[in-house]
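Trainee: Pasting query12.txt below, which is compact mmCIF, C-alpha atoms.
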```txt
# COMPACT_ATOMS: atom_id res chain seq x y z
CA MET A 1186 5.02 -2.75 -15.30
CA PHE A 1187 4.69 1.04 -15.25
CA ASN A 1188 1.04 1.61 -16.13
CA GLU A 1189 0.57 3.83 -13.12
CA THR A 1190 -2.02 6.05 -14.79
CA GLN A 1191 -5.04 4.25 -16.10
CA THR A 1192 -7.46 6.21 -18.24
CA ARG A 1193 -10.58 4.83 -16.59
CA ALA A 1194 -9.31 5.32 -13.04
CA ARG A 1195 -11.17 7.87 -10.95
CA PRO A 1196 -9.02 10.77 -9.73
CA LEU A 1197 -7.91 10.80 -6.10
CA TRP A 1198 -10.01 12.69 -3.61
CA ASP A 1199 -9.14 16.31 -3.03
CA TRP A 1200 -6.91 16.52 0.09
CA ARG A 1201 -9.49 18.73 1.80
CA ILE A 1202 -12.31 16.17 1.36
CA ALA A 1203 -10.04 13.28 2.35
CA GLY A 1204 -8.70 15.23 5.35
CA VAL A 1205 -12.13 16.10 6.71
CA ALA A 1206 -13.30 12.51 6.13
CA LEU A 1207 -10.32 11.01 7.98
CA GLY A 1208 -10.47 13.56 10.80
CA SER A 1209 -14.18 12.84 11.32
CA LEU A 1210 -13.51 9.09 11.31
CA MET A 1211 -10.73 9.55 13.89
CA ALA A 1212 -13.04 11.50 16.20
CA PHE A 1213 -15.82 8.93 15.69
CA SER A 1214 -13.40 6.10 16.49
CA THR A 1215 -12.28 7.90 19.66
CA ALA A 1216 -15.93 8.11 20.74
CA VAL A 1217 -17.10 4.54 20.04
CA PHE A 1218 -13.85 2.49 20.10
CA LYS A 1219 -10.46 4.07 20.67
CA PRO A 1220 -7.95 6.08 18.61
CA LEU A 1221 -6.81 4.41 15.38
CA GLY A 1222 -3.58 2.39 15.34
CA VAL A 1223 -2.00 -0.26 13.11
CA SER A 1224 1.53 -1.32 14.07
CA THR A 1225 0.68 -3.29 17.24
CA SER A 1226 -1.27 -5.80 15.15
CA TYR A 1227 1.88 -7.00 13.35
CA CYS A 1228 3.14 -8.20 16.74
CA THR A 1229 -0.30 -9.54 17.73
CA SER A 1230 -0.20 -11.67 14.55
CA TRP A 1231 3.12 -13.11 15.68
CA GLY A 1232 1.55 -13.67 19.07
CA MET A 1233 -1.20 -15.78 17.45
CA VAL A 1234 1.34 -17.88 15.54
CA LEU A 1235 3.71 -18.30 18.47
CA SER A 1236 0.97 -19.16 20.95
CA ALA A 1237 -0.01 -22.01 18.62
CA VAL A 1238 3.58 -23.21 18.11
CA ALA A 1239 5.01 -22.64 21.59
CA PRO A 1240 2.10 -21.87 23.93
CA GLU A 1241 4.08 -21.89 27.20
CA TRP A 1242 6.82 -19.61 25.88
CA ALA A 1243 4.34 -17.20 24.27
CA LYS A 1244 2.19 -17.02 27.40
CA ASN A 1245 5.11 -15.85 29.51
CA HIS A 1246 6.81 -13.58 26.97
CA PRO A 1247 6.81 -10.02 28.37
CA TYR A 1248 6.09 -8.31 25.04
CA LEU A 1249 3.47 -10.76 23.80
CA LYS A 1250 1.65 -10.18 27.09
CA LEU A 1251 1.43 -6.51 26.12
CA VAL A 1252 0.34 -6.90 22.49
CA GLY A 1253 -1.86 -9.97 22.97
CA THR A 1254 -1.93 -13.35 21.26
CA SER A 1255 -5.53 -13.46 20.03
CA VAL A 1256 -7.95 -11.51 17.83
CA SER A 1257 -8.48 -8.02 19.26
CA GLY A 1258 -10.40 -4.93 18.18
CA GLU A 1259 -7.21 -3.35 16.89
CA TRP A 1260 -6.42 -6.45 14.86
CA MET A 1261 -9.91 -6.38 13.35
CA LEU A 1262 -9.35 -2.73 12.45
CA VAL A 1263 -6.37 -3.78 10.33
CA VAL A 1264 -8.45 -6.51 8.66
CA GLY A 1265 -10.99 -3.78 7.87
CA LEU A 1266 -8.24 -1.50 6.55
CA ILE A 1267 -7.12 -4.15 4.06
CA LEU A 1268 -10.67 -4.91 2.90
CA GLY A 1269 -11.61 -1.22 2.71
CA ALA A 1270 -8.58 -0.41 0.58
CA TRP A 1271 -9.31 -3.36 -1.69
CA PHE A 1272 -12.91 -2.26 -2.24
CA ALA A 1273 -11.90 1.38 -2.75
CA ALA A 1274 -9.26 0.41 -5.32
CA ARG A 1275 -11.72 -1.82 -7.21
CA LEU A 1276 -14.61 0.66 -7.15
CA SER A 1277 -12.40 3.55 -8.27
CA ARG A 1278 -10.66 1.31 -10.85
CA SER A 1279 -7.34 2.52 -9.44
CA SER A 1280 -5.75 -0.91 -8.97
CA VAL A 1281 -2.42 -1.23 -10.76
CA HIS A 1282 -0.01 -3.95 -11.83
CA ALA A 1283 3.18 -2.31 -10.69
CA ALA A 1284 6.35 -3.89 -9.36
CA ILE A 1285 8.45 -0.74 -9.04
CA PRO A 1286 7.33 2.88 -8.46
CA VAL A 1287 7.99 5.19 -11.44
CA MET A 1288 9.94 7.71 -9.35
CA TRP A 1289 12.18 4.90 -8.08
CA SER A 1290 12.88 3.38 -11.51
CA GLU A 1291 13.79 6.77 -12.99
CA ARG A 1292 16.43 7.16 -10.30
CA PHE A 1293 17.59 3.61 -9.57
CA GLY A 1294 16.62 1.60 -12.67
CA SER A 1295 14.34 -1.39 -13.03
CA SER A 1296 16.11 -3.99 -10.87
CA ARG A 1297 13.41 -5.75 -8.86
CA LEU A 1298 15.98 -7.23 -6.52
CA LEU A 1299 17.22 -3.77 -5.54
CA ARG A 1300 13.74 -2.26 -5.12
CA PHE A 1301 12.29 -5.23 -3.23
CA GLY A 1302 15.39 -5.43 -1.02
CA ILE A 1303 15.22 -1.74 -0.06
CA ALA A 1304 11.42 -1.87 0.29
CA GLY A 1305 11.80 -4.85 2.65
CA LEU A 1306 14.57 -3.16 4.64
CA GLY A 1307 12.34 -0.10 4.97
CA GLY A 1308 9.50 -2.24 6.32
CA PHE A 1309 11.83 -3.87 8.84
CA LEU A 1310 13.08 -0.51 10.09
CA PHE A 1311 9.71 1.24 10.31
CA LEU A 1312 8.03 -1.58 12.21
CA PHE A 1313 10.98 -1.95 14.61
CA GLY A 1314 10.99 1.83 15.14
CA ALA A 1315 7.23 1.98 15.57
CA ARG A 1316 7.25 -0.75 18.22
CA LEU A 1317 10.16 0.88 20.06
CA ALA A 1318 8.27 4.20 20.11
CA GLY A 1319 4.87 2.59 20.82
CA GLY A 1320 3.08 3.65 17.63
CA CYS A 1321 3.34 4.45 13.93
CA THR A 1322 1.98 7.00 11.46
CA SER A 1323 -1.54 6.03 12.57
CA GLY A 1324 -1.22 5.57 16.32
CA HIS A 1325 1.41 8.22 17.02
CA VAL A 1326 1.29 10.84 14.26
CA LEU A 1327 -2.45 10.90 13.42
CA SER A 1328 -4.10 9.72 16.65
CA GLY A 1329 -1.44 10.97 19.04
CA LEU A 1330 -1.15 14.47 17.63
CA SER A 1331 -4.94 14.82 17.45
CA GLN A 1332 -4.98 14.12 21.21
CA LEU A 1333 -2.15 16.68 21.57
CA ALA A 1334 0.12 14.03 23.15
CA LEU A 1335 3.69 15.20 23.68
CA SER A 1336 5.21 11.75 23.07
CA SER A 1337 3.64 11.77 19.60
CA ALA A 1338 5.17 15.19 18.90
CA VAL A 1339 8.61 13.78 19.81
CA PHE A 1340 7.96 10.77 17.55
CA ALA A 1341 6.80 12.99 14.64
CA VAL A 1342 9.91 15.20 14.91
CA GLY A 1343 12.07 12.05 14.77
CA VAL A 1344 10.19 10.62 11.76
CA PHE A 1345 10.37 13.73 9.64
CA THR A 1346 13.99 14.49 10.55
CA THR A 1347 15.38 11.21 9.25
CA GLY A 1348 12.59 10.77 6.68
CA ILE A 1349 13.41 14.05 4.90
CA PHE A 1350 17.16 13.48 5.32
CA THR A 1351 16.98 9.96 3.85
CA ALA A 1352 14.73 11.04 0.96
CA LYS A 1353 17.03 13.96 0.11
CA ILE A 1354 20.08 11.65 0.10
CA LEU A 1355 18.32 9.00 -2.02
CA TYR A 1356 17.38 11.56 -4.67
CA ARG A 1357 20.25 14.03 -4.29
CA ARG A 1358 21.39 13.86 -7.92
CA ALA A 1359 17.92 13.70 -9.43
CA ARG A 1360 17.24 17.42 -9.20
CA MET B 726 -19.06 -9.71 18.86
CA LEU B 727 -19.99 -6.03 18.49
CA ALA B 728 -16.62 -5.21 20.07
CA LEU B 729 -14.99 -6.74 16.97
CA ILE B 730 -17.47 -5.57 14.31
CA VAL B 731 -17.26 -1.87 15.22
CA PRO B 732 -13.46 -1.68 14.72
CA LEU B 733 -13.81 -3.77 11.54
CA LEU B 734 -16.20 -1.17 10.11
CA ILE B 735 -13.97 1.70 11.23
CA GLY B 736 -11.05 -0.06 9.56
CA LEU B 737 -13.04 -0.42 6.31
CA ALA B 738 -13.56 3.36 6.20
CA PHE B 739 -9.95 4.02 7.26
CA GLY B 740 -8.51 1.88 4.46
CA ALA B 741 -10.87 3.34 1.86
CA ILE B 742 -10.07 6.96 2.81
CA LEU B 743 -6.29 6.38 2.80
CA GLN B 744 -6.54 4.63 -0.58
CA ARG B 745 -8.61 7.48 -2.07
CA ALA B 746 -6.28 10.11 -0.61
CA GLY B 747 -3.32 8.47 -2.36
CA ALA B 748 -1.48 7.84 0.92
CA SER B 749 -0.38 4.43 -0.38
CA ARG B 750 1.47 5.89 -3.39
CA TYR B 751 5.26 5.92 -3.23
CA GLU B 752 5.41 9.10 -5.34
CA LEU B 753 3.22 11.07 -2.93
CA ILE B 754 5.10 9.93 0.21
CA LEU B 755 8.52 10.58 -1.31
CA GLY B 756 7.20 13.82 -2.83
CA ALA B 757 6.37 14.95 0.70
CA LEU B 758 9.69 13.79 2.22
CA ARG B 759 11.64 15.45 -0.64
CA LEU B 760 9.60 18.60 0.15
CA GLU B 761 8.43 18.80 -3.46
CA ASN B 762 4.75 17.83 -3.20
CA LEU B 763 3.24 18.31 0.24
CA THR B 764 -0.29 17.12 -0.61
CA ILE B 765 -0.14 14.15 1.78
CA LEU B 766 1.23 16.35 4.55
CA LYS B 767 -1.64 18.82 4.10
CA PHE B 768 -4.09 15.90 4.16
CA MET B 769 -2.57 14.57 7.40
CA LEU B 770 -2.49 17.99 9.10
CA LEU B 771 -6.12 18.64 8.19
CA ALA B 772 -7.20 15.21 9.45
CA ILE B 773 -5.31 15.76 12.73
CA GLY B 774 -6.89 19.21 13.10
CA VAL B 775 -10.45 18.07 12.39
CA ALA B 776 -9.99 15.11 14.76
CA ALA B 777 -8.51 17.32 17.50
CA VAL B 778 -11.49 19.69 17.32
CA GLY B 779 -13.89 16.73 17.33
CA ILE B 780 -12.12 15.00 20.23
CA GLY B 781 -12.08 18.29 22.14
CA GLY B 782 -15.84 18.51 21.63
CA LEU B 783 -16.30 14.89 22.73
CA ALA B 784 -14.21 15.54 25.85
CA ALA B 785 -16.65 18.29 26.88
CA PHE B 786 -19.34 15.59 27.16
CA GLY B 787 -16.98 12.98 28.60
CA LEU B 788 -17.28 10.89 25.45
CA ALA B 789 -13.64 10.79 24.31
CA HIS B 790 -11.73 7.54 24.92
CA PHE B 791 -8.28 9.07 25.13
CA ALA B 792 -5.32 6.72 24.69
CA ILE B 793 -2.25 8.84 25.37
CA LYS B 794 1.04 7.13 24.60
CA PRO B 795 3.74 7.35 27.29
CA LEU B 796 6.74 9.58 26.72
CA TYR B 797 9.88 7.54 27.47
CA PHE B 798 12.00 10.13 25.77
CA TRP B 799 14.94 8.19 24.30
CA GLY B 800 12.92 5.20 23.12
CA VAL B 801 10.25 7.37 21.48
CA LEU B 802 12.80 9.64 19.81
CA LEU B 803 15.04 6.79 18.62
CA GLY B 804 11.97 4.87 17.43
CA GLY B 805 10.88 7.91 15.41
CA LEU B 806 14.33 8.33 13.88
CA VAL B 807 14.50 4.66 12.86
CA PHE B 808 10.92 4.82 11.57
CA GLY B 809 11.75 7.83 9.37
CA VAL B 810 14.57 5.97 7.60
CA GLY B 811 12.30 3.00 6.89
CA PHE B 812 9.48 5.31 5.79
CA ALA B 813 11.73 7.03 3.22
CA LEU B 814 13.40 3.82 1.99
CA SER B 815 10.12 1.98 1.39
CA GLY B 816 7.77 4.90 0.71
CA TYR B 817 5.16 3.13 2.83
CA CYS B 818 4.20 2.85 6.49
CA PRO B 819 2.68 -0.04 8.51
CA GLY B 820 -0.87 0.70 7.29
CA THR B 821 -0.24 1.98 3.77
CA SER B 822 2.08 -0.92 2.82
CA LEU B 823 -0.92 -3.25 3.24
CA ILE B 824 -3.10 -0.86 1.21
CA ALA B 825 -0.49 -0.54 -1.55
CA GLY B 826 -0.18 -4.34 -1.60
CA VAL B 827 -3.86 -4.98 -2.24
CA GLU B 828 -3.85 -2.19 -4.85
CA GLY B 829 -1.35 -4.23 -6.86
CA ARG B 830 1.96 -2.59 -5.94
CA ARG B 831 4.11 -5.68 -5.52
CA ASP B 832 7.07 -3.93 -3.91
CA ALA B 833 4.73 -3.14 -1.00
CA TRP B 834 4.49 -6.88 -0.21
CA ALA B 835 8.28 -6.89 0.25
CA THR B 836 7.73 -4.03 2.71
CA VAL B 837 5.00 -6.00 4.54
CA GLY B 838 7.38 -8.96 4.76
CA GLY B 839 10.09 -6.72 6.14
CA ALA B 840 7.61 -5.28 8.63
CA PHE B 841 6.73 -8.76 9.96
CA ALA B 842 10.46 -9.43 10.34
CA GLY B 843 10.83 -6.13 12.20
CA ALA B 844 7.88 -7.07 14.43
CA ILE B 845 9.40 -10.37 15.55
CA ALA B 846 12.86 -8.77 15.88
CA TYR B 847 11.46 -6.15 18.28
CA THR B 848 9.44 -8.76 20.18
CA LEU B 849 12.58 -10.85 20.74
CA ALA B 850 14.72 -7.79 21.54
CA TYR B 851 12.17 -6.30 23.97
CA PRO B 852 13.45 -7.97 27.17
CA PHE B 853 16.89 -6.46 26.44
CA LEU B 854 15.75 -3.04 25.14
CA ARG B 855 13.18 -2.42 27.87
CA PRO B 856 15.65 -1.61 30.70
CA VAL B 857 17.75 0.57 28.36
CA LEU B 858 15.24 2.53 26.27
CA VAL B 859 11.70 2.04 27.63
CA LEU B 860 11.99 2.28 31.42
CA PRO B 861 14.46 5.21 31.80
CA ALA B 862 13.44 8.86 31.24
CA ASN B 863 9.75 7.91 31.35
CA LEU B 864 7.82 11.13 31.79
CA GLY B 865 4.38 9.52 32.02
CA ALA B 866 1.76 10.42 29.40
CA PRO B 867 1.79 14.21 29.17
CA THR B 868 -0.38 16.14 26.71
CA LEU B 869 -0.39 19.80 25.79
CA PRO B 870 -3.43 20.52 28.00
CA THR B 871 -2.04 18.67 31.05
CA THR B 872 1.30 20.45 30.65
CA ILE B 873 -0.02 24.00 30.33
CA ARG B 874 -3.12 23.29 32.49
CA LEU B 875 -5.76 23.96 29.89
CA SER B 876 -9.08 22.11 29.64
CA PRO B 877 -8.88 19.29 27.04
CA THR B 878 -11.82 20.84 25.20
CA LEU B 879 -10.29 24.29 24.85
CA ALA B 880 -6.89 22.79 23.96
CA GLY B 881 -8.53 20.57 21.33
CA LEU B 882 -10.34 23.49 19.72
CA LEU B 883 -7.27 25.76 19.74
CA GLY B 884 -4.70 23.09 18.84
CA GLY B 885 -6.99 21.60 16.21
CA GLY B 886 -7.64 25.04 14.73
CA LEU B 887 -3.89 25.58 14.49
CA PHE B 888 -3.40 22.27 12.61
CA ILE B 889 -6.21 23.21 10.20
CA VAL B 890 -4.75 26.66 9.50
CA LEU B 891 -1.31 25.07 8.99
CA ALA B 892 -2.80 22.55 6.53
CA PHE B 893 -4.16 25.35 4.37
CA LEU B 894 -1.10 27.62 4.69
CA LEU B 895 1.38 24.94 3.64
CA PRO B 896 2.09 25.21 -0.11
CA ARG B 897 1.35 22.09 -2.13
CA THR B 898 4.46 22.35 -4.27
CA PRO B 899 6.92 24.62 -2.41
CA GLN B 900 9.52 24.84 -5.14
CA ARG B 901 7.18 26.14 -7.83
CA ARG B 902 5.34 29.39 -8.09
CA PRO B 903 1.90 28.88 -6.46
CA ALA B 904 0.02 30.23 -9.48
CA GLY B 905 2.31 28.43 -11.93
CA ARG B 906 1.37 25.68 -14.31
CA GLY B 907 2.49 22.99 -11.88
CA ALA B 908 0.02 23.92 -9.17
CA SER B 909 -2.94 22.50 -11.07
CA GLU B 910 -1.20 19.47 -12.55
CA PRO B 911 -2.66 16.08 -11.73
CA LEU B 912 -0.76 14.41 -8.90
CA GLN B 913 0.51 11.58 -11.05
CA LEU B 914 2.34 14.03 -13.31
CA ALA B 915 4.03 15.81 -10.45
CA LYS B 916 6.80 13.24 -10.18
CA ARG B 917 9.34 15.32 -12.11
CA ALA B 918 10.18 18.61 -10.44
```
Show the structure stored in the file as structure tokens.
Mentor:
Amino acid sequence: MFNETQTRARPLWDWRIAGVALGSLMAFSTAVFKPLGVSTSYCTSWGMVLSAVAPEWAKNHPYLKLVGTSVSGEWMLVVGLILGAWFAARLSRSSVHAAIPVMWSERFGSSRLLRFGIAGLGGFLFLFGARLAGGCTSGHVLSGLSQLALSSAVFAVGVFTTGIFTAKILYRRAR
Amino acid sequence: MLALIVPLLIGLAFGAILQRAGASRYELILGALRLENLTILKFMLLAIGVAAVGIGGLAAFGLAHFAIKPLYFWGVLLGGLVFGVGFALSGYCPGTSLIAGVEGRRDAWATVGGAFAGAIAYTLAYPFLRPVLVLPANLGAPTLPTTIRLSPTLAGLLGGGLFIVLAFLLPRTPQRRPAGRGASEPLQLAKRA
């Protein structure tokens, strides 16, 4: 369950190499497509399902009109993200069989129910928050800040305020 | 067709880079939010800086497809605050939870499930939230250059340069001596401060 480090796994990229690579990709994407973004596609996926189940309702829903109900470029980008990560993990032999992060289990024990429950709650909150703000770590923090957008600066301040606060509270007795 | 293949290829590179940077690892995200291991933060700042310089350069030739998100102050701020709690609880974000899932971190699939629930919850809540949080205090889509009346190219070069400098200035492990033993430890071992 905890074999996080595998002897044959390649080490992670140096942050400088990874940073230059991602920054170049972001600029390239802005030139040939548009700035990167992920969170909209969760709602677009719902749009696809709902337009099949209840076409009339989905067609007139104000939010589904915004995010779309069919395959878009942004949605394909997320498909690519999943495939790219899968290939990278296989080629670098860095795939793991882990149910619970080591840092978590050292603090909160090995209950899967607790970890999966909190991990699920976290997912609910970050997607709801991302849609309310109009973007996530990709669309707002990375793409937005690289375009020097003020709304993304407001979003980033919000994220790191409660993110740091929550992390400090979670691990307050661990130090 | 090309309009779908180009983003697919960009996504392939995006996922591979984030996986190789370790952005999908709970320990590195929580390490950053606990202010104990800022590697991922340095990576993000450098990427933002390099992209800002590149986008500034593209703008000089009219090649940048800007997509500036609107600033409806309360909705954006509240969204960020809610996002931060979810980010710290799960240790993942909308993109990296999918990456962590295909890497074999099963708790990340619980996060993806939660994210789909959050997506439908917001979709259903939107008609009610829109008049309260999205429409009021909407300041349009301001950027640093439009606010201080600088050319997008110059602002991109200066702002991007600032992000790059910040990325290098930020210590990787703030609570240890920079030249200490911990500074050169492999990331996976940095979980215990």
Trainee: Fewer than 4 positions away in the same chain doesn't count, so skip those; otherwise give me all residues within 8 Å of Thr1346 in chain A, counting only C-alpha atoms, as a ChimeraX atom specification.
Mentor: /A:1342,1350 /B:806,809
Trainee: May I ask which of the residues A:Leu1262, A:Leu1210, A:Ala1194, A:Met1233 is the closest one to chain B, counting only C-alpha atoms?
Mentor: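 Among the listed residues, A:Leu1262 lies closest to chain B.
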Trainee: Give, as JSON, the centre coordinates and the x, y and z edge lengths in Å to one decimal for an axis-aligned box around all listed atoms of range 1276-1279 of chain A, padded by 6 Å on each side.
Mentor:
```
{"center_x": -11.0, "center_y": 2.1, "center_z": -9.0, "size_x": 19.3, "size_y": 14.9, "size_z": 15.7}
```
Trainee: May I have the residues within 7 Å of Phe1340 in chain A as a list in words, using only C-alpha atoms and disregarding those fewer than 2 positions away in the same chain?
Mentor: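 Final neighbour list, sorted by chain and number: Ser1336, Ser1337, Ala1338, Val1342, Gly1343 and Val1344 of chain A; Val801, Leu802 and Gly805 of chain B.
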Trainee: Include C-alpha atoms and write out the residues we just selected as a PDB file, in the frame of the given file.
Mentor:
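Final file, out-v6.pdb:
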```
ATOM      1  CA  SER A1336       5.210  11.750  23.070  1.00  0.00           C
ATOM      2  CA  SER A1337       3.640  11.770  19.600  1.00  0.00           C
ATOM      3  CA  ALA A1338       5.170  15.190  18.900  1.00  0.00           C
ATOM      4  CA  VAL A1342       9.910  15.200  14.910  1.00  0.00           C
ATOM      5  CA  GLY A1343      12.070  12.050  14.770  1.00  0.00           C
ATOM      6  CA  VAL A1344      10.190  10.620  11.760  1.00  0.00           C
TER       7      VAL A1344
ATOM      8  CA  VAL B 801      10.250   7.370  21.480  1.00  0.00           C
ATOM      9  CA  LEU B 802      12.800   9.640  19.810  1.00  0.00           C
ATOM     10  CA  GLY B 805      10.880   7.910  15.410  1.00  0.00           C
TER      11      GLY B 805
END
```
Trainee: Could you tell me how far CA of Pro899 in chain B lies from CA of Asn762 in chain B, in Å and to one decimal?
Mentor: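 Atom-to-atom, CA of Pro899 in chain B and CA of Asn762 in chain B are spaced 7.2 Å apart.
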Trainee: Please list as a list in words every residue within 12 Å of Arg1358 in chain A, counting all atoms listed in the file and excluding residues in the same chain fewer than 5 positions away.
Mentor: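 My reading of the contact set: Glu1291, Arg1292, Phe1293, Ala1352 and Lys1353 of chain A.
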Trainee: Neighbours of range 1240-1244 of chain A within 12 Å (only C-alpha atoms; same-chain residues fewer than 2 positions away dropped), as number ranges by chain?
Mentor: A: 1228-1229, 1231-1238, 1246-1255; B: 848-849
Trainee: Which of these residues is nearest to Ser1277 in chain A, using all atoms listed in the file: B:Leu729, B:Gln744, B:Ile735, B:Ala789?
Mentor: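 Looking at the shortest contact to Ser1277 in chain A, the residue is B:Gln744.
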Trainee: So how many Å separate CA of Gly1319 in chain A and CA of Ala1304 in chain A, to one decimal?
Mentor: 22.0 Å
Trainee: List the spatial neighbours of Gly1258 in chain A as a list in words - criterion: any atom at most 9 Å away, all atoms listed in the file, same-chain residues fewer than 3 positions off excluded.
Mentor: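 Non-adjacent residues within range: Phe1218, Met1261, Leu1262 and Val1263 of chain A; Ala728, Leu729, Ile730, Val731, Pro732 and Leu733 of chain B.
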Trainee: Go ahead and write the residues just picked, C-alpha atoms, as a short mmCIF file (atom, residue, chain, number, x, y, z; two decimals), in the frame of the given file.
Mentor:
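Result file follows (out.cif):
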```
data_model
loop_
_atom_site.label_atom_id
_atom_site.label_comp_id
_atom_site.auth_asym_id
_atom_site.auth_seq_id
_atom_site.Cartn_x
_atom_site.Cartn_y
_atom_site.Cartn_z
CA PHE A 1218 -13.85 2.49 20.10
CA MET A 1261 -9.91 -6.38 13.35
CA LEU A 1262 -9.35 -2.73 12.45
CA VAL A 1263 -6.37 -3.78 10.33
CA ALA B 728 -16.62 -5.21 20.07
CA LEU B 729 -14.99 -6.74 16.97
CA ILE B 730 -17.47 -5.57 14.31
CA VAL B 731 -17.26 -1.87 15.22
CA PRO B 732 -13.46 -1.68 14.72
CA LEU B 733 -13.81 -3.77 11.54
#
```
Trainee: Between A:Leu1299, A:Leu1335, A:Leu1355, A:Ala1212, which one has atoms that come closest to Ile873 in chain B, using all atoms listed in the file?
Mentor: A:Leu1335
Trainee: To one decimal place, how far is CA of Pro877 in chain B from CA of Ala785 in chain B in Å?
Mentor: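 Value for the CA of Pro877 in chain B-CA of Ala785 in chain B distance: 7.8 Å.
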Trainee: Point out the residue among A:Val1217, A:Leu1317, A:Val1264, A:Ala1274 with the least atom-to-atom distance to Leu783 in chain B, counting only C-alpha atoms.
Mentor: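 Answer, going by the shortest atom-to-atom distance: A:Val1217.
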Trainee: Nearest residue to Ala835 in chain B out of A:Gly1329, A:Gly1308, A:Gly1204, A:Gly1265, using only C-alpha atoms?
Mentor: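 Among A:Gly1329, A:Gly1308, A:Gly1204, A:Gly1265, it is A:Gly1308 that comes nearest to Ala835 in chain B.
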Trainee: So, with all atoms listed in the file as the atoms that count, which of A:Leu1221, A:Ser1295, A:Leu1266, A:Val1287 lies closest to chain B?
Mentor: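 With all atoms listed in the file as the atom set, the closest residue is A:Leu1266.
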